[in-house]
Amino acid sequence: MSKRVLVILTSADRYYKPRIKRETGWYSVELSHPWNKMEGRVELEVASPKGGVAPLDPYSLGSAYDAESQHFLKNKRSIWENTQPIRNYLGRAKEFAAVFYAGGQGPMMDLVGDGDSIKLINEFYAAGNIVAAVCHGPIAFVHAETPEGRPLVEGRRVTGYTNAEETRDATDKYLSFLLETEFVALGAKFIAARPSSTNVVVDGQLITGQNPESAGAVGEAICEALGV
């Protein structure tokens, strides 16, 4: 029987910060590249906080929108247009081997504080599953805990979209907090590489990637951790 991986996408299509009128969602390469690495090696299912259509960030169709992502978005729309609510997967951690959170700034709006998502991460981690994310996706880990009640990332080597990358892109003005700052405050050992360089950090069950350039490598790292 193939191992199963649950992929989580954001349901947020806009920024929550007052007076910011800008669309957001999940980032194209941060789903397409990991998906293509994992497809055929594991069984994949997709969920989001609200279920249904998970919004694609239109700003992810720029310079990072490569041929691989173009093909993916053209041929696999049902993947993100028919997601299941995260709540449908609570209590089912033993049916899966891993959970993966795609990035985009949407997770900074909803997944950071989504109660069902937090419960899901806690359950998957307690079950010994791989818990993975890329770019802004790791923000979903901020309120997750170990079975002992400690912050999930406390003392752990992790990465995600860095403050330097937010400043370079001038995207920090859309956000009420920054991922790197939140992780450091929790006592995480945040590993920041040069902006736009591939950086994947594996620490036990936790697998995190820094940015869009790291997305495919995160998918590969998940497969390696699962032995597939």
# chains A, B, ... in the order shown; residues from 1 in each chain; ligands from 1
>>> closest_atom_pairs(of="stretch 48-102 of chain A", to="stretch 197-221 of chain A", cutoff="10 Å", atoms="only C-alpha atoms", output="JSON lines")
{"residue": "A:Ser60", "atom": "CA", "partner": "A:Pro212", "partner_atom": "CA", "distance": 9.7}
{"residue": "A:Ala64", "atom": "CA", "partner": "A:Pro212", "partner_atom": "CA", "distance": 7.8}
{"residue": "A:Ala98", "atom": "CA", "partner": "A:Gln205", "partner_atom": "CA", "distance": 9.0}
{"residue": "A:Phe100", "atom": "CA", "partner": "A:Gly219", "partner_atom": "CA", "distance": 8.6}
{"residue": "A:Tyr101", "atom": "CA", "partner": "A:Thr208", "partner_atom": "CA", "distance": 9.4}
{"residue": "A:Ala102", "atom": "CA", "partner": "A:Ala215", "partner_atom": "CA", "distance": 8.4}
>>> write_last_selection(atoms="C-alpha atoms", output="mmCIF file, in the first residue's frame")
data_model
loop_
_atom_site.group_PDB
_atom_site.id
_atom_site.type_symbol
_atom_site.label_atom_id
_atom_site.label_comp_id
_atom_site.auth_asym_id
_atom_site.auth_seq_id
_atom_site.Cartn_x
_atom_site.Cartn_y
_atom_site.Cartn_z
ATOM 1 C CA SER A 60 2.754 33.917 -8.232
ATOM 2 C CA ALA A 64 8.720 32.325 -10.805
ATOM 3 C CA ALA A 98 3.088 13.065 6.283
ATOM 4 C CA PHE A 100 2.790 19.206 3.745
ATOM 5 C CA TYR A 101 1.870 22.903 3.879
ATOM 6 C CA ALA A 102 2.341 24.840 0.643
#
>>> closest_atom_pairs(of="stretch 82-115 of chain A", to="stretch 23-37 of chain A", cutoff="8 Å", atoms="only C-alpha atoms", output="CSV")
residue,atom,partner,partner_atom,distance
A:Ala102,CA,A:Glu30,CA,5.5
A:Gly103,CA,A:Trp26,CA,5.6
A:Gly104,CA,A:Trp26,CA,4.3
A:Gln105,CA,A:Thr24,CA,6.2
A:Gly106,CA,A:Gly25,CA,4.4
A:Pro107,CA,A:Gly25,CA,7.6
>>> write_last_selection(atoms="C-alpha atoms", output="compact mmCIF listing (two decimals), in the first residue's frame")
# COMPACT_ATOMS: atom_id res chain seq x y z
CA ALA A 102 2.34 24.84 0.64
CA GLY A 103 3.30 28.48 0.91
CA GLY A 104 2.18 31.80 -0.44
CA GLN A 105 1.25 34.64 1.89
CA GLY A 106 -2.26 33.26 2.33
CA PRO A 107 -1.13 31.00 5.21
>>> closest_residue(among="A:Pro195, A:Leu152, A:Phe190, A:Arg92", to="A:Thr167", atoms="only C-alpha atoms")
A:Pro195
>>> select_by_dssp(residues="stretch 66-226 of chain A", states="helix (DSSP H, G or I)", output="ChimeraX atom specification")
/A:67-75,78-81,86-89,93-95,106-108,115-126,137-141,163-169,172-174,179-185,212-226
>>> residues_around(residues="stretch 139-151 of chain A", least_positions_apart="6", cutoff="8 Å", atoms="only C-alpha atoms", output="MDAnalysis selection string")
chainID A and resid 101 107:108 111:113 117:119 121:122 125:126 179 182:183 186
>>> write_last_selection(atoms="C-alpha atoms", output="PDB file, in the first residue's frame")
ATOM      1  CA  TYR A 101       1.870  22.903   3.879  1.00  0.00           C
ATOM      2  CA  PRO A 107      -1.131  31.005   5.207  1.00  0.00           C
ATOM      3  CA  MET A 108      -0.030  34.148   7.063  1.00  0.00           C
ATOM      4  CA  LEU A 111      -3.401  28.901   8.688  1.00  0.00           C
ATOM      5  CA  VAL A 112      -1.365  30.706  11.341  1.00  0.00           C
ATOM      6  CA  GLY A 113      -4.331  30.616  13.717  1.00  0.00           C
ATOM      7  CA  SER A 117      -4.964  23.082  11.261  1.00  0.00           C
ATOM      8  CA  ILE A 118      -3.261  23.394  14.635  1.00  0.00           C
ATOM      9  CA  LYS A 119      -5.013  20.247  15.884  1.00  0.00           C
ATOM     10  CA  ILE A 121      -0.362  19.296  13.088  1.00  0.00           C
ATOM     11  CA  ASN A 122      -0.416  18.262  16.742  1.00  0.00           C
ATOM     12  CA  TYR A 125       3.398  15.044  14.947  1.00  0.00           C
ATOM     13  CA  ALA A 126       2.248  12.952  17.912  1.00  0.00           C
ATOM     14  CA  LEU A 179       7.661  34.392   9.981  1.00  0.00           C
ATOM     15  CA  GLU A 182       7.873  34.588  15.158  1.00  0.00           C
ATOM     16  CA  PHE A 183      10.030  31.468  14.992  1.00  0.00           C
ATOM     17  CA  LEU A 186       9.559  30.715  20.070  1.00  0.00           C
TER      18      LEU A 186
END
>>> residues_around(residues="A:Ile191", least_positions_apart="3", cutoff="8 Å", atoms="only C-alpha atoms", output="PyMOL selection string")
chain A and resi 157-159+201
>>> atom_distance(atom1="atom CA of A:Ala132", atom2="atom CA of A:Arg22")
27.3 Å
>>> closest_residue(among="A:Val134, A:Val42, A:Ala164, A:Leu175", to="A:Ala192", atoms="only C-alpha atoms")
A:Ala164
>>> select_by_dssp(residues="stretch 69-125 of chain A", states="strand (DSSP E or B)", output="list in words")
Thr83, Gln84, Pro85, Ala98, Val99, Phe100 and Tyr101 of chain A
>>> write_last_selection(atoms="C-alpha atoms", output="PDB file, in the first residue's frame")
ATOM      1  CA  THR A  83     -10.198  20.511  -1.564  1.00  0.00           C
ATOM      2  CA  GLN A  84     -11.664  18.915   1.536  1.00  0.00           C
ATOM      3  CA  PRO A  85     -12.043  20.857   4.805  1.00  0.00           C
ATOM      4  CA  ALA A  98       3.088  13.065   6.283  1.00  0.00           C
ATOM      5  CA  VAL A  99       1.443  16.455   5.993  1.00  0.00           C
ATOM      6  CA  PHE A 100       2.790  19.206   3.745  1.00  0.00           C
ATOM      7  CA  TYR A 101       1.870  22.903   3.879  1.00  0.00           C
TER       8      TYR A 101
END
>>> decode(residues="stretch 18-30 of chain A", atoms="N, CA and C atoms", output="PDB file, in the first residue's frame")
ATOM      1  N   PRO A  18      -5.668  46.033   7.714  1.00  0.00           N
ATOM      2  CA  PRO A  18      -6.559  47.126   7.290  1.00  0.00           C
ATOM      3  C   PRO A  18      -5.983  47.952   6.139  1.00  0.00           C
ATOM      4  N   ARG A  19      -6.856  48.304   5.225  1.00  0.00           N
ATOM      5  CA  ARG A  19      -6.548  49.186   4.097  1.00  0.00           C
ATOM      6  C   ARG A  19      -5.624  48.559   3.058  1.00  0.00           C
ATOM      7  N   ILE A  20      -5.347  47.278   3.190  1.00  0.00           N
ATOM      8  CA  ILE A  20      -4.550  46.602   2.173  1.00  0.00           C
ATOM      9  C   ILE A  20      -5.505  45.915   1.199  1.00  0.00           C
ATOM     10  N   LYS A  21      -5.535  46.388  -0.015  1.00  0.00           N
ATOM     11  CA  LYS A  21      -6.401  45.804  -1.039  1.00  0.00           C
ATOM     12  C   LYS A  21      -5.515  45.088  -2.056  1.00  0.00           C
ATOM     13  N   ARG A  22      -5.220  43.846  -1.759  1.00  0.00           N
ATOM     14  CA  ARG A  22      -4.322  43.060  -2.600  1.00  0.00           C
ATOM     15  C   ARG A  22      -4.697  41.598  -2.435  1.00  0.00           C
ATOM     16  N   GLU A  23      -4.757  40.872  -3.539  1.00  0.00           N
ATOM     17  CA  GLU A  23      -5.107  39.459  -3.484  1.00  0.00           C
ATOM     18  C   GLU A  23      -3.920  38.627  -3.012  1.00  0.00           C
ATOM     19  N   THR A  24      -4.229  37.486  -2.436  1.00  0.00           N
ATOM     20  CA  THR A  24      -3.189  36.547  -2.040  1.00  0.00           C
ATOM     21  C   THR A  24      -3.727  35.136  -2.233  1.00  0.00           C
ATOM     22  N   GLY A  25      -3.053  34.145  -1.672  1.00  0.00           N
ATOM     23  CA  GLY A  25      -3.453  32.752  -1.829  1.00  0.00           C
ATOM     24  C   GLY A  25      -2.237  31.861  -1.691  1.00  0.00           C
ATOM     25  N   TRP A  26      -2.251  30.708  -2.369  1.00  0.00           N
ATOM     26  CA  TRP A  26      -1.076  29.827  -2.361  1.00  0.00           C
ATOM     27  C   TRP A  26      -0.224  30.130  -3.592  1.00  0.00           C
ATOM     28  N   TYR A  27       1.071  29.862  -3.474  1.00  0.00           N
ATOM     29  CA  TYR A  27       2.039  30.248  -4.502  1.00  0.00           C
ATOM     30  C   TYR A  27       2.241  29.106  -5.488  1.00  0.00           C
ATOM     31  N   SER A  28       2.170  29.408  -6.771  1.00  0.00           N
ATOM     32  CA  SER A  28       2.120  28.379  -7.819  1.00  0.00           C
ATOM     33  C   SER A  28       3.208  27.307  -7.698  1.00  0.00           C
ATOM     34  N   VAL A  29       4.476  27.717  -7.656  1.00  0.00           N
ATOM     35  CA  VAL A  29       5.551  26.721  -7.656  1.00  0.00           C
ATOM     36  C   VAL A  29       5.620  25.945  -6.345  1.00  0.00           C
ATOM     37  N   GLU A  30       5.030  26.497  -5.289  1.00  0.00           N
ATOM     38  CA  GLU A  30       5.122  25.846  -3.984  1.00  0.00           C
ATOM     39  C   GLU A  30       4.108  24.720  -3.820  1.00  0.00           C
TER      40      GLU A  30
END
